[in-house]
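Engineer: Here you go, one structure.
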Amino acid sequence: MEQQLKEMEIRPNKMAFQLAVGFSVYTVVLIFLFKLLGIDIQEQNVPVATKVMSAVLSYLPYVLVILYAQIKHRTELGGYITFGRAFSTGFRVSATAGLFIGLLMILYYKVLDPASLDHILEIAMEKAAETAGDTAKAERSVKAMAPYMPIMIGFGAAISYTIYGLIISIIGAAVNKRIAPIKFD
């Protein structure tokens with residue numbers, strides 16, 4: 001009963017919001033850092049080590065942020081947390097981070113670095129020309145989707161980070177759950 005009262009009083013919303021905003025900003029800073037270092041994951045001949053490093057720098061902190069939120073909330077609740085509460089905490093972080101990352105991707109490609117969008121469109125045009133065999137047709141199709149590309153990238157990032165976070169939240173909740181002992185009076 002006491003644990004249920006604590007769960008009703010203490011909510012993870014503020015912490016989840018702060019962690020999500022922090023991770024979203026980290027993601028955009030990471031994109032700028034890769035650009036500054038001349039690392040382009042979009043290219044075809046990127047070394048495997050570079051791809052692995054990019055994935056680790058992108059997703060390991062994301063996993064750690066979600067697990068941190070679950071553990072921190074468990075500590076706030078007195079060391080005990082149910083599976084559902086731990087999952088909810090992790091999912092709040094992932095859904096909010098997905099939303100902010102999606103919005104920041106749109107902002108990045110529309111305002112902060114439109115040249116990156118042009119580079120992505122060039123690569124898409126090359127790949128479309130290879131696949132279709134018709135350069136003119138590939139150019140028309142890529143130019144038709146160009147105005148919507150930042151929105152598609154942002155939407156894709158938001159959905160993918162939310163789905164990854166869902167999976168991480170389930171696993172983290174299974175690991176982090178601690179059931180309060182039943183006290184008999």
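By order of appearance in the structure tokens: chains A, B, ..., then residues from 1 within every chain, and ligands from 1 in the order shown.
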When you look at Tyr148 of chain A with a cut-off of 12 Å (counting only C-alpha atoms), what residues show up, excluding the ones that are within fewer than 6 positions of it in the same chain? I need them as a ChimeraX atom specification.
Structural biologist: /A:106,109-110,117,121,141-142,154-155
Engineer: Can you tell me which residues surround Ile163 of chain A at a distance of at most 9 Å, considering only C-alpha atoms, apart from same-chain residues fewer than 6 positions away, and format the answer as a ChimeraX atom specification?
Structural biologist: /A:94-95,98
Engineer: Take the residues just selected and output them with N, CA and C atoms as a PDB file, in the first residue's frame.
Structural biologist:
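The file below, again.pdb, is the result:
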```
ATOM      1  N   SER A  94      11.885   7.552 -24.334  1.00  0.00           N
ATOM      2  CA  SER A  94      12.094   7.250 -25.755  1.00  0.00           C
ATOM      3  C   SER A  94      11.102   7.980 -26.654  1.00  0.00           C
ATOM      4  N   ALA A  95       9.859   8.054 -26.259  1.00  0.00           N
ATOM      5  CA  ALA A  95       8.865   8.743 -27.087  1.00  0.00           C
ATOM      6  C   ALA A  95       9.159  10.242 -27.160  1.00  0.00           C
ATOM      7  N   GLY A  98      12.312  10.709 -29.226  1.00  0.00           N
ATOM      8  CA  GLY A  98      11.990  10.514 -30.636  1.00  0.00           C
ATOM      9  C   GLY A  98      11.332  11.750 -31.235  1.00  0.00           C
TER      10      GLY A  98
END
```
Engineer: Can you tell me, as a ChimeraX atom specification, which residues in segment 9-153 of chain A count as alpha helix (DSSP H) by DSSP?
Structural biologist: /A:9,13-37,48-76,83-107,114-132,135-145,149-153
Engineer: Using only C-alpha atoms, pick whichever of A:Ala180, A:Ile170, A:Leu33, A:Ala16 has the shortest atom-to-atom distance to Val93 of chain A.
Structural biologist: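 Going through A:Ala180, A:Ile170, A:Leu33, A:Ala16 one by one, the smallest distance to Val93 of chain A is for A:Ala16.
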Engineer: Would you list the contacts of Glu139 of chain A as a PyMOL selection string, taking every protein, DNA or RNA residue within 8 Å and counting only C-alpha atoms, but skipping same-chain residues closer than 3 positions in sequence?
Structural biologist: chain A and resi 125+129+135-136+142-143
Engineer: Tell me which protein, DNA and RNA residues are within 8 Å of Gly79 of chain A, counting only C-alpha atoms, leaving out same-chain ones fewer than 4 positions away, and put them as a PyMOL selection string.
Structural biologist: chain A and resi 74-75+178
Engineer: Got time to write the residues from that selection, all heavy atoms, as a PDB file, in the first residue's frame?
Structural biologist:
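Writing done, so here's part26.pdb:
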```
ATOM      1  N   ARG A  74      13.389   4.331  -9.982  1.00  0.00           N
ATOM      2  CA  ARG A  74      13.301   3.274  -8.965  1.00  0.00           C
ATOM      3  C   ARG A  74      13.854   3.793  -7.640  1.00  0.00           C
ATOM      4  O   ARG A  74      13.267   3.566  -6.577  1.00  0.00           O
ATOM      5  CB  ARG A  74      14.076   2.039  -9.420  1.00  0.00           C
ATOM      6  CG  ARG A  74      13.999   0.882  -8.415  1.00  0.00           C
ATOM      7  CD  ARG A  74      14.793  -0.299  -8.886  1.00  0.00           C
ATOM      8  NE  ARG A  74      16.215   0.002  -8.805  1.00  0.00           N
ATOM      9  CZ  ARG A  74      17.156  -0.678  -9.420  1.00  0.00           C
ATOM     10  NH1 ARG A  74      16.854  -1.706 -10.196  1.00  0.00           N
ATOM     11  NH2 ARG A  74      18.417  -0.351  -9.290  1.00  0.00           N
ATOM     12  N   THR A  75      14.958   4.531  -7.688  1.00  0.00           N
ATOM     13  CA  THR A  75      15.543   5.110  -6.480  1.00  0.00           C
ATOM     14  C   THR A  75      14.587   6.121  -5.849  1.00  0.00           C
ATOM     15  O   THR A  75      14.433   6.150  -4.623  1.00  0.00           O
ATOM     16  CB  THR A  75      16.890   5.781  -6.812  1.00  0.00           C
ATOM     17  OG1 THR A  75      17.733   4.817  -7.442  1.00  0.00           O
ATOM     18  CG2 THR A  75      17.558   6.315  -5.574  1.00  0.00           C
ATOM     19  N   ARG A 178      11.944  -4.231  -9.293  1.00  0.00           N
ATOM     20  CA  ARG A 178      12.147  -4.694  -7.925  1.00  0.00           C
ATOM     21  C   ARG A 178      10.788  -4.588  -7.235  1.00  0.00           C
ATOM     22  O   ARG A 178      10.243  -3.500  -7.113  1.00  0.00           O
ATOM     23  CB  ARG A 178      13.155  -3.854  -7.163  1.00  0.00           C
ATOM     24  CG  ARG A 178      14.521  -3.730  -7.774  1.00  0.00           C
ATOM     25  CD  ARG A 178      15.392  -4.930  -7.453  1.00  0.00           C
ATOM     26  NE  ARG A 178      16.763  -4.733  -7.862  1.00  0.00           N
ATOM     27  CZ  ARG A 178      17.234  -4.906  -9.081  1.00  0.00           C
ATOM     28  NH1 ARG A 178      16.423  -5.242 -10.042  1.00  0.00           N
ATOM     29  NH2 ARG A 178      18.497  -4.728  -9.363  1.00  0.00           N
TER      30      ARG A 178
END
```
Engineer: To one decimal in Å, tell me the separation between atom CA of Phe17 of chain A and atom CA of Pro114 of chain A.
Structural biologist: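 Those two atoms sit 28.1 Å apart.
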Engineer: Hey, which of A:Lys137, A:Gly102, A:Ile120, A:Ser169 ends up closest to Met152 of chain A? Count only C-alpha atoms.
Structural biologist: A:Gly102
Engineer: Excluding same-chain residues fewer than 6 positions from segment 49-60 of chain A, what lies within 8 Å of it counting only C-alpha atoms, as a ChimeraX atom specification?
Structural biologist: /A:27,30,39,41
Engineer: Rounded to one decimal, what separation in Å do you get between atom CA of Val28 of chain A and atom CA of Leu104 of chain A?
Structural biologist: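 If I compute the distance from atom CA of Val28 of chain A to atom CA of Leu104 of chain A, I get 7.2 Å.
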Engineer: Which is closest to Gly78 of chain A among A:Ile167, A:Leu112, A:Ala173, A:Ile10, if we use only C-alpha atoms?
Structural biologist: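 Answer, going by the shortest atom-to-atom distance: A:Ile10.
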Engineer: Nearest to Ile179 of chain A among A:Tyr62, A:Tyr164, A:Tyr80, A:Tyr68, with distances taken over only C-alpha atoms: which residue is it?
Structural biologist: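 Selected residue with least distance to Ile179 of chain A: A:Tyr80.
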